[in-house]
Amino acid sequence: MDTTLTSICIGSPRFADPDDAALEPAQAWRSLISRVGVAAAASQVGGDFAVALPLDDGSVFIAVDRFAIRTLCWRIEGGSLRFAERADELAAGASLSPQAMYDYLYFHVVPSPRTVFDGVQRLPAAHWGLFKDGRLTPQRYWTPAFKPRREPDFEALRAEFRRLLQDAVARQLDGSTPACYLSGGTDSSTIAGMIGLAAGRPAVAYSIGFAAQGYDEMEYARLAAKHFGCEHREIYFSPEDLVRDIPKVAAWYDQPFGNSSALPAFHCAERARADGITRLLAGDGGDELFGGNSRYATDRLFEPYARIPALIRRGFLEPFFGLGIVSSLPGLRKGSNYIRLANLGMPERGQDYNHVRRIGESTALTRDFVAAIEPADAVRQQRAVWAEAECTDGIDRHLAYDWRYTLAECDLPKVVGTSTMAGVSVGFPMLDDALVDFSMTLPADYKLRGDALRWFFKEALRGFLPDGVITKKKQGFGLPFGVWMVQHDGLRRLSVDAVSSLVARGIVRPEFESQLFDRLLPDHPHYYGTMVWILVMLEHWLRSHAPNWRHPA
């Protein structure tokens, strides 16, 4: 939809007032706004939603849910507001933004509020805005505020947590055949089990496997499916599937999108739709709410350095480990790197392995392209988001940061986009408002206890989840694209062709193309495979949406 005259009211908003809840969505929003005003309205609505609603005074109210599960893009032209769910629906006559393309290469997505189209913006998660007198300035209506309980009672919290989980799953079921994604991790396994309790029957569970050593977790999916009596559908994804699906999945998105899990996620949803499934529940959010990512534990290793007296750090440790001969010795190199990272701080430290930063813009990208962008803007965006949360502990700040960058900008668009493409709706019980609010009351050491990730989550579900799922190490490798590309001729040809096209478009340096395929990729297929992946998806998006575009020399 793209219009200034009608409205957008999508998703499943939950209105607290029973009278509002009984109304058609647009009427419910109008009723709420009339009572509490535009500034407070979105904060009083739960669930997932995107709304763009013309009001009686000629203004337009817009808002999206806490995690931007539903998206809303907007553009002002000739003093009028245009809005749509997708950025490409507003792109007529708009040029492509080199800065947004750089954002894509850096983040693997184009983070809001920017889009790849100049003049078209996307409303960030938990934001609202009012278009009036030709202007629109989005504002936050909800900021994560962590208020840990001072004297937590584990048994009481466990009972509350399990109840909230089951309620959240029940709210996401729609009466159709209960079904879910099942990776074999704690989150998806929990959703599969809770479906059985909430629906009164086992879930139909869909799992993706990869025939590549170190990447396949099907054994854990089987363990969870057997434990909960699920009707288990196993799907193995191959290099041939990638070659077939890359062009159509890249083209489906309204702007370049580089989350490599999108391809297997689409494959999974496509199979479910073929089986007659119309809705899938997903486990996204558990890691980010309850402390399940290994980088949280890694980052805590740097906290002791800040407690060393500054006189010792700056007067002895940093000068000594900064000496060239010291930093080059194998036994002392780790100490030099530790100090470098400790001083780098967050969120910059979290980007130390970022491909663009590691390789260098001037090494990978053409001189003309680099001249048209501001690389430091990516860090500016991250610092602003890092500072937003209200919290006192580092892990909670990490979590809130990931709610924006990992969930709202990357993982949720992956699942929503690919399920929509397959014709299946999707729900995220882990992101239920009550469960999110509950997570913000847990003490920091309930999320990360020593080096034990998501301690409370696992202990609270001990006896419900299979022990093997609880104790398994987090794998996190995802799609084995780089490994397959080294081995599979068809996938390599597709990749070389795509990167060569980006050279011709004036984005990638020809010298870097040769270096990437001839030296870097064979030596480190997983790491540099990701770099190739984001370039391939960019090129295939361009072929669909802007086939004749090239960066001006």
# chains A, B, ... in the order shown; residues from 1 in each chain; ligands from 1
call {"tool": "select_by_dssp", "arguments": {"residues": "stretch 343-496 of chain A", "states": "alpha helix (DSSP H)", "output": "ChimeraX atom specification"}}
result
/A:343-344,355-359,361-364,367-371,376-386,394-402,412-422,433-439,444-447,455-460,467-471,481-487,489-496
call {"tool": "closest_residue", "arguments": {"among": "A:Phe257, A:Tyr236, A:Trp74, A:Tyr220", "to": "A:Pro113", "atoms": "only C-alpha atoms"}}
result
A:Trp74
call {"tool": "atom_distance", "arguments": {"atom1": "atom CA of A:Phe438", "atom2": "atom CA of A:Ala389"}}
result
15.9 Å
call {"tool": "residues_around", "arguments": {"residues": "A:Ala372", "least_positions_apart": "4", "cutoff": "12 Å", "atoms": "only C-alpha atoms", "output": "PyMOL selection string"}}
result
chain A and resi 97-102+361+365-368+506-507+551-553
call {"tool": "write_last_selection", "arguments": {"atoms": "C-alpha atoms", "output": "PDB file, in the first residue's frame"}}
result
ATOM      1  CA  SER A  97      22.392   5.582  -1.789  1.00  0.00           C
ATOM      2  CA  PRO A  98      26.109   4.644  -1.761  1.00  0.00           C
ATOM      3  CA  GLN A  99      26.132   5.247   1.996  1.00  0.00           C
ATOM      4  CA  ALA A 100      23.316   2.728   2.451  1.00  0.00           C
ATOM      5  CA  MET A 101      25.218   0.243   0.286  1.00  0.00           C
ATOM      6  CA  TYR A 102      28.232   0.708   2.536  1.00  0.00           C
ATOM      7  CA  GLU A 361      37.451   0.027   2.647  1.00  0.00           C
ATOM      8  CA  LEU A 365      36.122  -0.895  -2.641  1.00  0.00           C
ATOM      9  CA  THR A 366      36.902   1.440  -5.513  1.00  0.00           C
ATOM     10  CA  ARG A 367      38.352   4.869  -4.864  1.00  0.00           C
ATOM     11  CA  ASP A 368      35.297   6.609  -6.306  1.00  0.00           C
ATOM     12  CA  GLY A 506      32.282   0.386  -9.846  1.00  0.00           C
ATOM     13  CA  ILE A 507      31.844  -0.912  -6.282  1.00  0.00           C
ATOM     14  CA  HIS A 551      28.519   3.932  -9.412  1.00  0.00           C
ATOM     15  CA  PRO A 552      29.497   7.055 -11.330  1.00  0.00           C
ATOM     16  CA  ALA A 553      33.227   7.358 -11.901  1.00  0.00           C
TER      17      ALA A 553
END
call {"tool": "residues_around", "arguments": {"residues": "A:Pro202", "least_positions_apart": "2", "cutoff": "10 Å", "atoms": "only C-alpha atoms", "output": "ChimeraX atom specification"}}
result
/A:177-179,192-200,204-205,225,228-232
call {"tool": "write_last_selection", "arguments": {"atoms": "all heavy atoms", "output": "compact mmCIF listing (two decimals), in the first residue's frame"}}
result
# COMPACT_ATOMS: atom_id res chain seq x y z
N THR A 177 -3.09 -25.93 12.15
CA THR A 177 -2.17 -26.97 12.61
C THR A 177 -0.98 -26.34 13.30
O THR A 177 -0.27 -25.53 12.69
CB THR A 177 -1.67 -27.81 11.42
OG1 THR A 177 -2.79 -28.39 10.75
CG2 THR A 177 -0.73 -28.91 11.89
N PRO A 178 -0.74 -26.66 14.58
CA PRO A 178 0.38 -26.02 15.29
C PRO A 178 1.72 -26.52 14.75
O PRO A 178 1.96 -27.73 14.68
CB PRO A 178 0.17 -26.45 16.75
CG PRO A 178 -0.62 -27.71 16.67
CD PRO A 178 -1.48 -27.59 15.44
N ALA A 179 2.58 -25.59 14.35
CA ALA A 179 3.84 -25.96 13.71
C ALA A 179 4.92 -24.96 14.09
O ALA A 179 4.62 -23.83 14.47
CB ALA A 179 3.67 -26.03 12.19
N ALA A 192 8.79 -25.70 20.61
CA ALA A 192 8.18 -26.96 20.19
C ALA A 192 7.49 -27.64 21.36
O ALA A 192 6.36 -28.15 21.24
CB ALA A 192 9.25 -27.87 19.59
N GLY A 193 8.16 -27.65 22.52
CA GLY A 193 7.57 -28.28 23.69
C GLY A 193 6.38 -27.53 24.23
O GLY A 193 5.37 -28.14 24.62
N MET A 194 6.46 -26.22 24.26
CA MET A 194 5.37 -25.40 24.78
C MET A 194 4.13 -25.47 23.88
O MET A 194 3.00 -25.32 24.35
CB MET A 194 5.83 -23.95 24.96
CG MET A 194 6.77 -23.74 26.12
SD MET A 194 5.90 -23.97 27.71
CE MET A 194 7.28 -23.95 28.87
N ILE A 195 4.33 -25.68 22.60
CA ILE A 195 3.18 -25.85 21.71
C ILE A 195 2.34 -27.05 22.15
O ILE A 195 1.10 -26.99 22.17
CB ILE A 195 3.64 -26.01 20.24
CG1 ILE A 195 4.08 -24.67 19.67
CG2 ILE A 195 2.51 -26.60 19.38
CD1 ILE A 195 4.64 -24.74 18.26
N GLY A 196 3.04 -28.11 22.54
CA GLY A 196 2.31 -29.29 23.01
C GLY A 196 1.44 -28.99 24.21
O GLY A 196 0.31 -29.49 24.31
N LEU A 197 1.94 -28.16 25.13
CA LEU A 197 1.16 -27.80 26.32
C LEU A 197 0.03 -26.85 25.97
O LEU A 197 -1.10 -26.99 26.44
CB LEU A 197 2.08 -27.15 27.36
CG LEU A 197 3.20 -28.02 27.94
CD1 LEU A 197 4.02 -27.22 28.94
CD2 LEU A 197 2.63 -29.28 28.59
N ALA A 198 0.34 -25.84 25.12
CA ALA A 198 -0.65 -24.81 24.82
C ALA A 198 -1.73 -25.30 23.87
O ALA A 198 -2.90 -24.91 23.99
CB ALA A 198 0.04 -23.57 24.23
N ALA A 199 -1.36 -26.15 22.89
CA ALA A 199 -2.31 -26.60 21.89
C ALA A 199 -2.98 -27.92 22.25
O ALA A 199 -3.99 -28.29 21.65
CB ALA A 199 -1.61 -26.74 20.53
N GLY A 200 -2.39 -28.62 23.21
CA GLY A 200 -2.94 -29.91 23.59
C GLY A 200 -2.61 -31.01 22.61
O GLY A 200 -3.20 -32.10 22.66
N VAL A 204 3.97 -29.91 14.65
CA VAL A 204 4.68 -30.34 13.45
C VAL A 204 5.94 -29.48 13.40
O VAL A 204 5.85 -28.25 13.39
CB VAL A 204 3.85 -30.15 12.17
CG1 VAL A 204 4.63 -30.62 10.95
CG2 VAL A 204 2.52 -30.88 12.28
N ALA A 205 7.10 -30.11 13.41
CA ALA A 205 8.36 -29.37 13.54
C ALA A 205 9.21 -29.52 12.29
O ALA A 205 9.41 -30.65 11.80
CB ALA A 205 9.13 -29.86 14.76
N ALA A 225 12.56 -33.34 19.04
CA ALA A 225 11.32 -33.81 18.42
C ALA A 225 10.83 -35.10 19.07
O ALA A 225 9.63 -35.26 19.34
CB ALA A 225 11.54 -34.01 16.93
N PHE A 228 9.41 -34.43 22.68
CA PHE A 228 8.10 -33.79 22.76
C PHE A 228 7.06 -34.46 21.86
O PHE A 228 5.93 -33.97 21.77
CB PHE A 228 8.23 -32.31 22.39
CG PHE A 228 9.01 -31.51 23.39
CD1 PHE A 228 10.19 -30.86 23.02
CD2 PHE A 228 8.60 -31.40 24.71
CE1 PHE A 228 10.91 -30.12 23.94
CE2 PHE A 228 9.32 -30.66 25.64
CZ PHE A 228 10.48 -30.02 25.25
N GLY A 229 7.42 -35.55 21.20
CA GLY A 229 6.47 -36.27 20.36
C GLY A 229 6.07 -35.52 19.11
O GLY A 229 4.96 -35.73 18.58
N CYS A 230 6.95 -34.65 18.62
CA CYS A 230 6.61 -33.85 17.44
C CYS A 230 6.54 -34.70 16.18
O CYS A 230 7.20 -35.74 16.07
CB CYS A 230 7.67 -32.76 17.21
SG CYS A 230 7.81 -31.57 18.55
N GLU A 231 5.74 -34.24 15.25
CA GLU A 231 5.76 -34.80 13.91
C GLU A 231 6.89 -34.10 13.18
O GLU A 231 6.77 -32.94 12.78
CB GLU A 231 4.41 -34.55 13.23
CG GLU A 231 4.28 -35.21 11.87
CD GLU A 231 2.90 -34.98 11.26
OE1 GLU A 231 1.94 -34.78 12.03
OE2 GLU A 231 2.82 -34.97 10.01
N HIS A 232 8.00 -34.80 13.03
CA HIS A 232 9.25 -34.14 12.62
C HIS A 232 9.46 -34.24 11.11
O HIS A 232 9.44 -35.33 10.54
CB HIS A 232 10.43 -34.78 13.36
CG HIS A 232 11.68 -33.97 13.30
ND1 HIS A 232 12.94 -34.52 13.47
CD2 HIS A 232 11.87 -32.64 13.12
CE1 HIS A 232 13.84 -33.56 13.40
NE2 HIS A 232 13.21 -32.42 13.19
call {"tool": "decode", "arguments": {"residues": "stretch 430-453 of chain A", "atoms": "N, CA, C and O atoms", "output": "mmCIF file, in the first residue's frame"}}
result
data_model
loop_
_atom_site.group_PDB
_atom_site.id
_atom_site.type_symbol
_atom_site.label_atom_id
_atom_site.label_comp_id
_atom_site.auth_asym_id
_atom_site.auth_seq_id
_atom_site.Cartn_x
_atom_site.Cartn_y
_atom_site.Cartn_z
ATOM 1 N N MET A 430 8.865 -15.722 21.979
ATOM 2 C CA MET A 430 9.906 -15.218 22.868
ATOM 3 C C MET A 430 9.880 -13.695 22.986
ATOM 4 O O MET A 430 10.421 -13.124 23.940
ATOM 5 N N LEU A 431 9.263 -13.023 22.013
ATOM 6 C CA LEU A 431 9.214 -11.564 22.022
ATOM 7 C C LEU A 431 7.881 -11.041 22.537
ATOM 8 O O LEU A 431 7.558 -9.864 22.349
ATOM 9 N N ASP A 432 7.123 -11.894 23.189
ATOM 10 C CA ASP A 432 5.888 -11.463 23.846
ATOM 11 C C ASP A 432 6.208 -10.351 24.836
ATOM 12 O O ASP A 432 7.198 -10.416 25.574
ATOM 13 N N ASP A 433 5.387 -9.325 24.877
ATOM 14 C CA ASP A 433 5.683 -8.157 25.714
ATOM 15 C C ASP A 433 5.892 -8.524 27.177
ATOM 16 O O ASP A 433 6.811 -8.021 27.830
ATOM 17 N N ALA A 434 5.044 -9.407 27.696
ATOM 18 C CA ALA A 434 5.154 -9.784 29.109
ATOM 19 C C ALA A 434 6.458 -10.524 29.367
ATOM 20 O O ALA A 434 7.095 -10.349 30.417
ATOM 21 N N LEU A 435 6.884 -11.349 28.422
ATOM 22 C CA LEU A 435 8.123 -12.099 28.585
ATOM 23 C C LEU A 435 9.332 -11.173 28.484
ATOM 24 O O LEU A 435 10.310 -11.315 29.236
ATOM 25 N N VAL A 436 9.282 -10.201 27.573
ATOM 26 C CA VAL A 436 10.356 -9.212 27.462
ATOM 27 C C VAL A 436 10.461 -8.405 28.757
ATOM 28 O O VAL A 436 11.557 -8.204 29.298
ATOM 29 N N ASP A 437 9.327 -7.960 29.278
ATOM 30 C CA ASP A 437 9.339 -7.196 30.527
ATOM 31 C C ASP A 437 9.888 -8.031 31.680
ATOM 32 O O ASP A 437 10.648 -7.531 32.520
ATOM 33 N N PHE A 438 9.517 -9.287 31.723
ATOM 34 C CA PHE A 438 10.031 -10.188 32.757
ATOM 35 C C PHE A 438 11.551 -10.307 32.653
ATOM 36 O O PHE A 438 12.258 -10.263 33.667
ATOM 37 N N SER A 439 12.069 -10.437 31.444
ATOM 38 C CA SER A 439 13.512 -10.615 31.273
ATOM 39 C C SER A 439 14.293 -9.424 31.804
ATOM 40 O O SER A 439 15.428 -9.580 32.275
ATOM 41 N N MET A 440 13.707 -8.244 31.739
ATOM 42 C CA MET A 440 14.416 -7.042 32.200
ATOM 43 C C MET A 440 14.451 -6.926 33.714
ATOM 44 O O MET A 440 15.105 -6.043 34.253
ATOM 45 N N THR A 441 13.733 -7.829 34.425
ATOM 46 C CA THR A 441 13.788 -7.818 35.888
ATOM 47 C C THR A 441 14.768 -8.855 36.431
ATOM 48 O O THR A 441 14.986 -8.914 37.646
ATOM 49 N N LEU A 442 15.353 -9.672 35.564
ATOM 50 C CA LEU A 442 16.288 -10.694 36.029
ATOM 51 C C LEU A 442 17.655 -10.080 36.322
ATOM 52 O O LEU A 442 18.142 -9.244 35.555
ATOM 53 N N PRO A 443 18.293 -10.489 37.411
ATOM 54 C CA PRO A 443 19.642 -9.998 37.694
ATOM 55 C C PRO A 443 20.605 -10.399 36.578
ATOM 56 O O PRO A 443 20.394 -11.396 35.864
ATOM 57 N N ALA A 444 21.676 -9.647 36.427
ATOM 58 C CA ALA A 444 22.649 -9.917 35.363
ATOM 59 C C ALA A 444 23.227 -11.317 35.475
ATOM 60 O O ALA A 444 23.442 -11.989 34.457
ATOM 61 N N ASP A 445 23.490 -11.787 36.702
ATOM 62 C CA ASP A 445 24.114 -13.107 36.817
ATOM 63 C C ASP A 445 23.115 -14.243 36.603
ATOM 64 O O ASP A 445 23.493 -15.404 36.590
ATOM 65 N N TYR A 446 21.839 -13.931 36.405
ATOM 66 C CA TYR A 446 20.874 -14.935 35.973
ATOM 67 C C TYR A 446 20.996 -15.151 34.461
ATOM 68 O O TYR A 446 20.526 -16.169 33.945
ATOM 69 N N LYS A 447 21.594 -14.204 33.778
ATOM 70 C CA LYS A 447 21.770 -14.315 32.329
ATOM 71 C C LYS A 447 23.153 -14.870 32.002
ATOM 72 O O LYS A 447 23.290 -15.747 31.149
ATOM 73 N N LEU A 448 24.151 -14.350 32.662
ATOM 74 C CA LEU A 448 25.519 -14.822 32.461
ATOM 75 C C LEU A 448 26.131 -15.059 33.829
ATOM 76 O O LEU A 448 26.463 -14.124 34.543
ATOM 77 N N ARG A 449 26.270 -16.316 34.201
ATOM 78 C CA ARG A 449 26.826 -16.675 35.509
ATOM 79 C C ARG A 449 28.205 -17.293 35.273
ATOM 80 O O ARG A 449 28.321 -18.415 34.788
ATOM 81 N N GLY A 450 29.249 -16.519 35.587
ATOM 82 C CA GLY A 450 30.594 -16.949 35.230
ATOM 83 C C GLY A 450 30.702 -16.959 33.722
ATOM 84 O O GLY A 450 30.476 -15.941 33.071
ATOM 85 N N ASP A 451 31.022 -18.123 33.163
ATOM 86 C CA ASP A 451 31.006 -18.235 31.699
ATOM 87 C C ASP A 451 29.817 -19.053 31.217
ATOM 88 O O ASP A 451 29.759 -19.452 30.050
ATOM 89 N N ALA A 452 28.844 -19.295 32.101
ATOM 90 C CA ALA A 452 27.652 -20.063 31.745
ATOM 91 C C ALA A 452 26.602 -19.132 31.125
ATOM 92 O O ALA A 452 26.040 -18.269 31.809
ATOM 93 N N LEU A 453 26.351 -19.314 29.842
ATOM 94 C CA LEU A 453 25.381 -18.491 29.137
ATOM 95 C C LEU A 453 23.955 -18.875 29.521
ATOM 96 O O LEU A 453 23.675 -20.019 29.846
#
